[in-house]
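Quick look at start_19.csv (CSV, C-alpha atoms):
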chain,number,residue,atom,x,y,z
A,1,MET,CA,0.0,0.0,0.0
A,2,SER,CA,2.8,2.5,0.8
A,3,ILE,CA,4.6,1.6,-2.3
A,4,HIS,CA,1.6,2.4,-4.4
A,5,THR,CA,1.2,5.7,-2.7
A,6,ARG,CA,4.8,6.8,-3.3
A,7,THR,CA,4.4,5.9,-7.1
A,8,THR,CA,1.2,8.0,-7.3
A,9,ARG,CA,2.9,11.0,-5.7
A,10,ALA,CA,5.9,10.7,-8.0
A,11,ARG,CA,3.7,11.0,-11.1
A,12,ARG,CA,1.7,14.0,-9.9
A,13,GLY,CA,1.9,17.1,-12.4
A,14,PHE,CA,1.9,20.9,-11.9
A,15,THR,CA,-1.0,22.5,-10.1
A,16,LEU,CA,-3.2,25.0,-12.0
A,17,ALA,CA,-1.6,27.9,-10.0
A,18,GLU,CA,1.9,26.8,-11.0
A,19,VAL,CA,0.9,26.5,-14.7
A,20,MET,CA,-0.7,30.0,-14.6
A,21,VAL,CA,2.4,31.5,-13.0
A,22,ALA,CA,4.6,29.9,-15.6
A,23,LEU,CA,2.5,31.1,-18.5
A,24,VAL,CA,2.5,34.6,-17.1
A,25,VAL,CA,6.3,34.6,-16.7
A,26,PHE,CA,6.7,33.1,-20.2
A,27,GLY,CA,4.4,35.7,-21.7
A,28,LEU,CA,6.3,38.5,-20.1
A,29,ILE,CA,9.6,37.1,-21.4
A,30,MET,CA,8.2,36.6,-25.0
A,31,SER,CA,6.6,40.0,-24.9
A,32,ALA,CA,9.9,41.7,-24.0
A,33,ALA,CA,11.7,39.6,-26.6
A,34,PHE,CA,9.2,40.5,-29.4
A,35,GLY,CA,9.3,44.1,-28.4
A,36,PHE,CA,13.1,44.1,-28.6
A,37,LEU,CA,13.0,42.4,-32.0
A,38,LEU,CA,10.4,44.8,-33.3
A,39,ALA,CA,12.4,47.8,-32.1
A,40,GLN,CA,15.5,46.4,-33.7
A,41,GLY,CA,13.7,45.8,-36.9
A,42,LYS,CA,12.1,49.3,-36.9
A,43,GLY,CA,15.5,50.9,-36.2
A,44,PHE,CA,17.1,48.8,-39.0
A,45,ARG,CA,14.4,49.7,-41.5
A,46,ALA,CA,14.7,53.4,-40.5
A,47,MET,CA,18.5,53.3,-40.9
A,48,SER,CA,18.2,51.5,-44.2
A,49,MET,CA,15.7,54.0,-45.5
A,50,ARG,CA,17.8,57.0,-44.4
A,51,SER,CA,20.8,55.3,-46.1
A,52,ALA,CA,18.9,54.8,-49.3
A,53,GLU,CA,17.6,58.3,-49.2
A,54,THR,CA,21.1,59.6,-48.7
A,55,GLN,CA,22.5,57.5,-51.6
A,56,ASN,CA,19.6,58.7,-53.7
A,57,GLY,CA,20.5,62.3,-53.0
A,58,ARG,CA,24.2,61.6,-53.7
A,59,PHE,CA,23.3,60.2,-57.1
A,60,GLY,CA,21.6,63.4,-58.0
A,61,ARG,CA,24.6,65.4,-56.7
A,62,ASP,CA,27.0,63.4,-58.9
A,63,ILE,CA,24.9,63.8,-62.0
A,64,MET,CA,24.7,67.6,-61.6
A,65,ARG,CA,28.3,67.9,-60.8
A,66,GLN,CA,29.2,66.1,-64.0
A,67,GLU,CA,26.9,68.0,-66.3
A,68,LEU,CA,26.5,71.5,-65.0
A,69,ARG,CA,30.2,72.2,-65.5
A,70,THR,CA,29.9,71.4,-69.2
A,71,ALA,CA,27.5,74.4,-69.8
A,72,GLY,CA,28.7,76.2,-72.9
A,73,THR,CA,30.6,73.3,-74.5
A,74,ASN,CA,30.5,73.5,-78.3
A,75,VAL,CA,27.7,76.0,-78.5
A,76,THR,CA,27.5,78.0,-81.7
A,77,ASP,CA,28.7,81.6,-81.7
A,78,ASN,CA,25.3,83.2,-81.0
A,79,GLN,CA,23.5,80.3,-79.2
A,80,PRO,CA,22.6,81.1,-75.5
A,81,ILE,CA,24.7,79.3,-73.0
A,82,VAL,CA,22.4,79.6,-70.0
A,83,VAL,CA,18.7,80.0,-70.9
A,84,LEU,CA,16.9,80.0,-67.5
A,85,ALA,CA,18.0,80.2,-63.9
A,86,ASN,CA,15.5,80.5,-61.0
A,87,ASP,CA,15.1,79.0,-57.5
A,88,SER,CA,14.2,75.5,-58.8
A,89,VAL,CA,15.1,75.3,-62.5
A,90,PHE,CA,18.4,75.6,-64.3
A,91,ALA,CA,18.5,75.2,-68.1
A,92,PHE,CA,21.6,75.5,-70.2
A,93,ASN,CA,23.0,74.5,-73.6
A,94,SER,CA,25.9,72.0,-73.9
A,95,ASP,CA,27.1,69.5,-76.4
A,96,LEU,CA,26.9,66.8,-73.8
A,97,THR,CA,26.1,63.8,-76.0
A,98,THR,CA,26.6,62.6,-79.5
A,99,ASN,CA,25.3,59.4,-81.2
A,100,ARG,CA,28.2,59.1,-83.5
A,101,ALA,CA,30.5,56.3,-82.6
A,102,ASP,CA,33.6,58.2,-83.7
A,103,SER,CA,32.8,61.5,-82.2
A,104,ALA,CA,36.3,62.8,-82.7
A,105,LYS,CA,35.6,63.1,-86.4
A,106,PHE,CA,32.7,65.5,-86.3
A,107,THR,CA,32.0,67.0,-82.9
A,108,GLY,CA,33.3,68.1,-79.5
A,109,ALA,CA,30.7,66.3,-77.5
A,110,VAL,CA,31.5,65.2,-73.9
A,111,TYR,CA,29.9,61.7,-74.1
A,112,VAL,CA,28.9,59.2,-76.8
A,113,ASP,CA,25.6,57.3,-76.8
A,114,ILE,CA,25.1,55.5,-80.1
A,115,TYR,CA,21.4,54.8,-79.1
A,116,ALA,CA,20.5,58.4,-78.5
A,117,SER,CA,18.1,60.0,-81.1
A,118,SER,CA,19.0,63.0,-83.1
A,119,ALA,CA,16.4,65.0,-81.1
A,120,GLU,CA,18.5,64.3,-78.0
A,121,VAL,CA,22.0,65.2,-79.4
A,122,ASP,CA,21.3,68.3,-81.5
A,123,ALA,CA,20.1,71.8,-80.8
A,124,VAL,CA,16.3,71.9,-80.6
A,125,ARG,CA,14.8,73.7,-83.6
A,126,MET,CA,12.0,76.3,-83.7
A,127,ALA,CA,9.7,73.7,-85.3
A,128,ASN,CA,9.9,71.9,-82.0
A,129,ALA,CA,9.7,74.9,-79.7
A,130,PHE,CA,8.3,74.2,-76.3
A,131,THR,CA,7.7,75.8,-72.9
A,132,ILE,CA,10.5,75.2,-70.4
A,133,PRO,CA,8.8,73.5,-67.5
A,134,GLY,CA,9.0,75.4,-64.2
A,135,SER,CA,9.5,78.8,-66.0
A,136,SER,CA,7.4,81.7,-64.6
A,137,PRO,CA,6.5,83.6,-66.6
A,138,SER,CA,6.4,80.9,-69.3
A,139,LEU,CA,9.5,80.8,-71.5
A,140,GLN,CA,9.3,79.5,-75.0
A,141,TYR,CA,12.5,77.9,-76.4
A,142,PRO,CA,14.2,78.2,-78.8
A,143,LEU,CA,13.6,81.7,-80.2
A,144,ALA,CA,15.7,80.9,-83.3
A,145,ASP,CA,17.4,78.0,-85.0
A,146,TYR,CA,21.1,77.6,-84.1
A,147,THR,CA,23.3,76.3,-86.9
A,148,ALA,CA,27.0,75.3,-86.4
A,149,ILE,CA,27.7,75.5,-90.1
A,150,ALA,CA,25.6,76.2,-93.2
A,151,GLY,CA,22.5,74.0,-93.3
A,152,THR,CA,23.2,71.9,-90.2
A,153,SER,CA,21.8,72.0,-86.7
A,154,GLY,CA,24.0,73.1,-83.8
A,155,GLU,CA,25.2,70.2,-81.7
A,156,ALA,CA,24.6,71.7,-78.2
A,157,GLU,CA,21.4,70.4,-76.7
A,158,LEU,CA,19.3,72.1,-74.0
A,159,ILE,CA,19.7,70.4,-70.6
A,160,ILE,CA,17.2,71.2,-67.9
A,161,PHE,CA,17.5,70.3,-64.2
A,162,ARG,CA,14.4,70.9,-62.1
A,163,PHE,CA,13.2,70.3,-58.6
A,164,THR,CA,9.5,69.7,-58.5
A,165,ARG,CA,6.8,68.2,-56.3
A,166,ASP,CA,7.5,64.4,-55.8
A,167,THR,CA,4.6,62.7,-57.4
A,168,THR,CA,5.7,59.3,-56.0
A,169,SER,CA,5.2,60.5,-52.4
A,170,SER,CA,2.0,61.4,-50.5
A,171,ASP,CA,4.0,63.9,-48.5
A,172,ALA,CA,3.6,67.4,-49.9
A,173,ALA,CA,7.0,68.4,-48.5
A,174,ASP,CA,8.8,65.9,-50.7
A,175,TYR,CA,10.4,67.0,-54.0
A,176,MET,CA,12.1,65.1,-56.8
A,177,LEU,CA,14.9,66.1,-59.1
A,178,VAL,CA,14.2,65.6,-62.8
A,179,ARG,CA,16.4,66.0,-65.9
A,180,GLN,CA,15.2,66.8,-69.4
A,181,VAL,CA,17.0,67.1,-72.7
A,182,ASN,CA,15.4,69.4,-75.3
A,183,ASP,CA,11.7,68.7,-75.6
A,184,ARG,CA,12.0,65.0,-74.7
A,185,ALA,CA,10.2,63.5,-71.7
A,186,PRO,CA,11.9,64.2,-68.4
A,187,GLU,CA,13.6,61.5,-66.4
A,188,ILE,CA,13.6,61.2,-62.6
A,189,ILE,CA,17.1,61.5,-61.0
A,190,ALA,CA,16.2,61.5,-57.3
A,191,THR,CA,13.1,61.4,-55.2
A,192,GLY,CA,12.1,62.1,-51.6
A,193,LEU,CA,14.2,65.3,-51.4
A,194,ARG,CA,13.4,68.2,-49.1
A,195,ARG,CA,13.9,72.0,-49.4
A,196,ALA,CA,16.4,73.2,-46.8
A,197,PRO,CA,14.8,75.8,-44.5
A,198,SER,CA,15.0,79.4,-45.9
A,199,THR,CA,17.3,78.2,-48.7
A,200,PRO,CA,16.3,77.8,-52.4
A,201,PHE,CA,17.4,74.7,-54.3
A,202,PHE,CA,19.5,76.8,-56.7
A,203,ARG,CA,21.5,79.8,-55.9
A,204,TYR,CA,23.9,81.4,-58.4
A,205,TRP,CA,27.3,83.1,-58.4
A,206,TYR,CA,28.2,85.7,-61.0
A,207,ASP,CA,30.9,88.0,-62.1
A,208,PRO,CA,29.8,91.6,-61.2
A,209,SER,CA,32.6,93.4,-63.0
A,210,ARG,CA,30.4,94.2,-66.0
A,211,TYR,CA,28.1,96.2,-63.8
A,212,ASN,CA,30.7,97.7,-61.4
A,213,THR,CA,34.3,97.8,-62.6
A,214,ALA,CA,35.5,98.2,-59.0
A,215,LEU,CA,34.1,94.7,-58.1
A,216,THR,CA,36.3,91.8,-59.2
A,217,ALA,CA,35.3,88.9,-56.9
A,218,LEU,CA,32.4,86.6,-57.7
A,219,ASP,CA,29.2,87.3,-55.8
A,220,THR,CA,25.8,85.8,-55.4
A,221,VAL,CA,23.1,86.9,-57.8
A,222,PRO,CA,20.8,89.5,-56.2
A,223,ARG,CA,17.4,88.1,-55.4
A,224,ASP,CA,15.5,90.8,-57.3
A,225,TRP,CA,17.3,89.7,-60.5
A,226,LEU,CA,15.6,86.3,-60.5
A,227,PRO,CA,14.5,84.7,-62.7
A,228,LEU,CA,17.4,85.1,-65.0
A,229,VAL,CA,16.2,84.6,-68.6
A,230,LYS,CA,17.8,84.7,-72.0
A,231,SER,CA,14.8,86.5,-73.5
A,232,VAL,CA,16.4,87.4,-76.9
A,233,PRO,CA,17.1,85.0,-79.7
A,234,TYR,CA,20.9,85.5,-80.0
A,235,ARG,CA,23.7,85.9,-77.5
A,236,GLY,CA,26.2,88.8,-77.8
A,237,VAL,CA,24.5,90.8,-80.5
A,238,THR,CA,22.1,93.8,-80.2
A,239,PRO,CA,19.9,94.1,-78.1
A,240,ASP,CA,21.9,91.5,-76.0
A,241,THR,CA,24.8,93.7,-75.3
A,242,GLY,CA,26.2,96.0,-72.6
A,243,THR,CA,24.3,95.8,-69.3
A,244,ALA,CA,20.9,94.8,-70.8
A,245,PRO,CA,18.9,92.5,-68.4
A,246,SER,CA,19.3,89.6,-70.8
A,247,THR,CA,23.1,89.7,-70.4
A,248,ARG,CA,23.0,89.1,-66.7
A,249,ILE,CA,22.6,85.4,-67.3
A,250,ASP,CA,25.8,85.3,-69.3
A,251,GLN,CA,27.8,86.4,-66.2
A,252,LEU,CA,27.0,83.2,-64.2
A,253,ARG,CA,30.1,81.4,-63.1
A,254,GLY,CA,28.8,78.9,-60.7
A,255,VAL,CA,25.6,77.1,-59.4
A,256,GLU,CA,25.1,76.4,-55.7
A,257,VAL,CA,22.8,73.5,-55.0
A,258,THR,CA,21.1,72.9,-51.6
A,259,TYR,CA,18.6,70.2,-50.5
A,260,GLU,CA,18.0,67.6,-47.8
A,261,PRO,CA,18.3,64.1,-49.1
A,262,SER,CA,16.3,62.6,-46.2
A,263,ARG,CA,13.5,63.6,-43.9
A,264,PRO,CA,14.4,65.3,-40.6
A,265,ASN,CA,15.1,62.9,-37.7
A,266,GLY,CA,13.8,65.0,-34.8
A,267,ALA,CA,15.9,68.1,-34.7
A,268,ALA,CA,18.7,66.6,-36.8
A,269,ARG,CA,18.7,67.6,-40.5
A,270,ASN,CA,20.8,66.2,-43.2
A,271,VAL,CA,21.7,69.1,-45.6
A,272,VAL,CA,23.6,68.7,-48.8
A,273,ARG,CA,25.2,71.8,-50.2
A,274,TYR,CA,27.7,72.1,-53.0
A,275,THR,CA,28.8,74.6,-55.7
A,276,VAL,CA,29.5,73.6,-59.3
A,277,PRO,CA,31.8,76.0,-61.3
A,278,MET,CA,31.0,76.7,-64.9
A,279,PRO,CA,34.3,77.5,-66.7
A,280,ASN,CA,32.8,77.7,-70.2
A,281,THR,CA,30.2,80.4,-69.7
A,282,ALA,CA,32.4,83.5,-70.1
A,283,VAL,CA,31.1,85.6,-73.0
A,284,ALA,CA,34.5,86.5,-74.4
A,285,ARG,CA,36.0,83.0,-73.9
A,286,GLN,CA,38.8,81.7,-76.2
A,287,ALA,CA,38.7,78.0,-75.8
A,288,ARG,CA,40.6,77.3,-78.9
A,289,ALA,CA,44.1,75.8,-78.8
A,290,CYS,CA,44.6,75.7,-82.6
A,291,GLY,CA,44.0,79.3,-83.6
A,292,ARG,CA,41.0,80.8,-85.3
A,293,PRO,CA,38.3,78.7,-87.0
A,294,PRO,CA,39.4,77.3,-90.4
A,295,ILE,CA,38.8,79.3,-93.6
A,296,THR,CA,36.2,77.8,-95.8
A,297,PRO,CA,37.9,75.7,-98.5
A,298,SER,CA,37.2,75.7,-102.2
A,299,GLY,CA,34.3,73.5,-103.2
A,300,ALA,CA,34.9,70.0,-104.5
A,301,THR,CA,34.5,69.1,-108.2
A,302,ALA,CA,32.1,66.2,-108.7
A,303,THR,CA,32.3,64.0,-111.7
A,304,TRP,CA,30.4,60.8,-112.6
A,305,ARG,CA,32.8,58.0,-113.5
A,306,VAL,CA,31.3,55.4,-115.8
A,307,ASP,CA,34.3,53.1,-115.4
A,308,SER,CA,33.8,52.8,-111.6
A,309,ASN,CA,30.1,53.5,-111.3
A,310,ALA,CA,30.8,56.2,-108.7
A,311,VAL,CA,31.1,59.9,-108.2
A,312,MET,CA,34.7,61.1,-108.1
A,313,LEU,CA,35.3,64.2,-105.9
A,314,SER,CA,38.5,66.2,-106.0
A,315,TRP,CA,39.5,69.5,-104.3
A,316,PRO,CA,42.6,71.5,-103.6
A,317,ASN,CA,44.1,71.7,-100.1
A,318,ALA,CA,42.7,74.3,-97.7
A,319,ILE,CA,44.6,77.5,-96.8
A,320,ASP,CA,45.5,76.1,-93.3
A,321,ASP,CA,46.5,72.7,-94.7
A,322,GLY,CA,50.3,72.8,-94.8
A,323,ALA,CA,50.4,76.6,-94.6
A,324,GLY,CA,48.6,79.4,-92.8
A,325,GLU,CA,48.0,78.2,-89.2
A,326,THR,CA,48.9,74.7,-90.4
A,327,ASP,CA,46.2,73.2,-88.0
A,328,ALA,CA,43.9,71.5,-90.5
A,329,VAL,CA,43.2,68.0,-89.3
A,330,ARG,CA,40.6,66.6,-91.7
A,331,TYR,CA,38.1,67.4,-94.4
A,332,VAL,CA,34.4,66.6,-93.8
A,333,LEU,CA,32.1,65.7,-96.8
A,334,TRP,CA,28.3,65.8,-97.0
A,335,ARG,CA,26.0,64.6,-99.8
A,336,ARG,CA,22.5,65.7,-100.5
A,337,LEU,CA,20.0,65.6,-103.3
A,338,ALA,CA,20.2,68.8,-105.3
A,339,GLY,CA,17.7,71.4,-104.0
A,340,ALA,CA,17.6,69.9,-100.5
A,341,ALA,CA,17.6,72.5,-97.7
A,342,LEU,CA,19.9,70.7,-95.2
A,343,TRP,CA,23.1,68.7,-95.5
A,344,GLY,CA,22.2,66.2,-92.9
A,345,ASP,CA,24.8,64.0,-91.3
A,346,PRO,CA,28.3,63.9,-92.7
A,347,LEU,CA,29.1,61.4,-95.4
A,348,THR,CA,32.7,60.8,-94.4
A,349,THR,CA,36.0,62.4,-93.5
A,350,VAL,CA,39.4,62.5,-95.3
A,351,SER,CA,42.5,63.1,-93.2
A,352,ALA,CA,44.5,66.2,-94.1
A,353,VAL,CA,48.1,65.3,-95.1
A,354,GLY,CA,50.5,68.2,-94.7
A,355,GLY,CA,52.2,69.0,-98.0
A,356,SER,CA,49.5,67.4,-100.2
A,357,SER,CA,48.2,69.9,-102.8
A,358,SER,CA,44.9,68.1,-103.6
A,359,TYR,CA,42.6,65.3,-102.4
A,360,GLN,CA,40.2,62.8,-103.9
A,361,TYR,CA,37.3,60.7,-102.7
A,362,LYS,CA,35.2,58.1,-104.6
A,363,ASP,CA,31.5,57.9,-103.6
A,364,GLY,CA,30.0,54.6,-104.6
A,365,GLY,CA,27.0,54.9,-102.3
A,366,VAL,CA,24.8,56.9,-104.7
A,367,ASP,CA,21.5,55.4,-106.1
A,368,ARG,CA,22.0,54.4,-109.7
A,369,GLY,CA,19.4,54.0,-112.5
A,370,LEU,CA,17.1,56.8,-111.1
A,371,GLY,CA,18.6,59.8,-112.8
A,372,LEU,CA,19.1,61.6,-109.5
A,373,THR,CA,21.1,64.8,-109.1
A,374,TYR,CA,23.5,65.2,-106.2
A,375,GLN,CA,25.5,67.9,-104.6
A,376,TYR,CA,28.4,67.6,-102.2
A,377,GLY,CA,29.5,69.9,-99.3
A,378,LEU,CA,33.1,70.2,-98.1
A,379,ALA,CA,34.4,71.8,-94.9
A,380,VAL,CA,37.8,71.7,-93.2
A,381,GLN,CA,38.2,70.9,-89.5
A,382,ASP,CA,41.1,71.9,-87.2
A,383,CYS,CA,42.3,70.3,-83.9
A,384,THR,CA,39.9,72.3,-81.7
A,385,PRO,CA,37.8,70.8,-83.3
A,386,ASN,CA,36.3,73.8,-85.2
A,387,LEU,CA,34.7,73.5,-88.6
A,388,SER,CA,34.9,76.0,-91.4
A,389,GLY,CA,31.9,76.9,-93.4
A,390,VAL,CA,30.6,74.4,-96.0
A,391,ALA,CA,31.5,74.9,-99.7
A,392,GLY,CA,29.1,73.4,-102.2
A,393,SER,CA,30.2,71.4,-105.2
A,394,ASN,CA,28.7,71.5,-108.7
A,395,SER,CA,25.7,69.3,-109.2
A,396,VAL,CA,26.2,65.9,-110.7
A,397,VAL,CA,23.7,63.6,-112.4
A,398,VAL,CA,23.9,59.9,-111.6
A,399,PRO,CA,22.5,57.9,-114.5

Represent the supplied structure as structure tokens.
Amino acid sequence: MSIHTRTTRARRGFTLAEVMVALVVFGLIMSAAFGFLLAQGKGFRAMSMRSAETQNGRFGRDIMRQELRTAGTNVTDNQPIVVLANDSVFAFNSDLTTNRADSAKFTGAVYVDIYASSAEVDAVRMANAFTIPGSSPSLQYPLADYTAIAGTSGEAELIIFRFTRDTTSSDAADYMLVRQVNDRAPEIIATGLRRAPSTPFFRYWYDPSRYNTALTALDTVPRDWLPLVKSVPYRGVTPDTGTAPSTRIDQLRGVEVTYEPSRPNGAARNVVRYTVPMPNTAVARQARACGRPPITPSGATATWRVDSNAVMLSWPNAIDDGAGETDAVRYVLWRRLAGAALWGDPLTTVSAVGGSSSYQYKDGGVDRGLGLTYQYGLAVQDCTPNLSGVAGSNSVVVP
């Protein structure tokens, strides 16, 4: 009997009170553990989000640092360099991109993108004039067609950087940075940006010596000058001379950019501020290392050669080829149907050989059997690279 009693007591479980106490203690421990994990996860997500926001803002900074300093690169003589400058929009002309694989032959572009369309790598024409977004009052651009040489579009495209309301966010305080080329659709560069307190996104530095000869150091553009607008078609010719309001924009030498790449964390604010110099915006700049632009050469003589089923072109050497400034690098050839208004893209180039008195080129790419009449254009290019004017050839009928 006593043995049975001892066995029964050995098998007895926890009392209800003991189970309840254990559950309460376990619940408290798990609650604390889950709370800790949730806090850690929330902190990690917040840190990751702030890191992503900061990286997002840095990407926008890097893009603008690379491109703003190219303002004025390879613009034509009378094409505006900076077109619009206000608190949130900066628009300028630059030969930033070409779609020609061998850009050294024809252009002074900064980058090559063989997939870019002509509408993205050339000066926008009046036929495609548009209102620059963010301009107030509205600014139509362009006010004229800008041609580098006779019959061809200038190669400096309009680049627009703009801070605007962030449509990807429900927070009205969020902005995004967009970039636009000519009249093409804008692309988003950075999102979730904030305006720094009492500071505009763009502030500008200019050379005041034109307006006060006693001032030689750069200064910030007076607030009552904004917006700066190139309101006339051509730069550097009347009425865009002297101290006319439209000339103020030509005195810009740097752009200061300020924004917050992430939302404030309590009282702490993450402010990004940097200034991009623009070395090519001086009106009287001389960015040539090879002397003056080449003198227009004599036009080529075009002859149909039955024996080779091709048009044979011949021309004498240019004045600066082997003489003069001796800086001729190559000849550029165009082909068009007789009567066409534009030359279009170049046909080919022929290297200049110092000491050669004449050159020839055989064009076997013409359409035969249609009785078409062609004309050829010839220009010389120096090592800047500057192009001369285009000299037209005689017309030649291809049987």

Next on the checklist: Just want the 12 Å neighbourhood of Asp240 (chain A), counted on all atoms listed in the file, with same-chain residues fewer than 6 positions away dropped. Output as number ranges by chain.
Outcome noted: A: 78-80, 229-234, 246-250, 283

Checklist entry - For Tyr175 (chain A), which of A:Ile160, A:Ala328, A:Leu337, A:Ile189 is the closest residue, counting all atoms listed in the file? => result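 Closest to Tyr175 (chain A) of all the choices is A:Ile189.
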
Checklist entry - Can you tell me, as an MDAnalysis selection string, what residues are no more than 7 Å from Asp321 (chain A) when counting all atoms listed in the file, ignoring any on the same chain fewer than 6 positions away? => result chainID A and resid 327:328 352 354

Checklist entry - Nearest to Thr243 (chain A): which of A:Asn93, A:Thr373, A:Thr349, A:Asn212 is it, counting all atoms listed in the file? => result A:Asn212

Next on the checklist: Need to verify the contact set: Asp174 (chain A), 6 Å, all atoms listed in the file, exclusion of same-chain residues closer than 2 positions in sequence. Can you return it as a PyMOL selection string?
Outcome noted: chain A and resi 166+171-172+192-194

Checklist entry - How far is it from CA of Gly108 (chain A) to CA of Glu157 (chain A), in Å with one decimal? => result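 Calculated distance between CA of Gly108 (chain A) and CA of Glu157 (chain A) is 12.4 Å.
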
Item to check | Å distance separating CA of Ala217 (chain A) from CA of Trp205 (chain A), one decimal place | outcome: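 Separation of CA of Ala217 (chain A) and CA of Trp205 (chain A): 10.0 Å.
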
Checklist entry - Expressed in Å to a single decimal, how great is the separation between CA of Arg335 (chain A) and CA of Tyr111 (chain A)? => result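 Computing it gives 26.2 Å between the two atoms.
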
Next on the checklist: Can you pull out the residues contacting Pro208 (chain A)? Cut-off 8 Å, using all atoms listed in the file, and skip same-chain residues under 6 positions away; I want them as a list in words.
Outcome noted: Leu215, Thr216, Ala217, Leu218, Asp219 and Gln251 of chain A

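Proximity ranking of A:Phe163, A:Ser138, A:Ala129, A:Ser314 relative to Thr301 (chain A) places A:Ser314 first, based on all atoms listed in the file.
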
Next on the checklist: Under the rule that all atoms listed in the file are counted, which of A:Ala323, A:Val25, A:Ile132, A:Leu228 is the nearest residue to Asn182 (chain A)?
Outcome noted: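 Looking only at the distances to Asn182 (chain A), the closest residue turns out to be A:Ile132.
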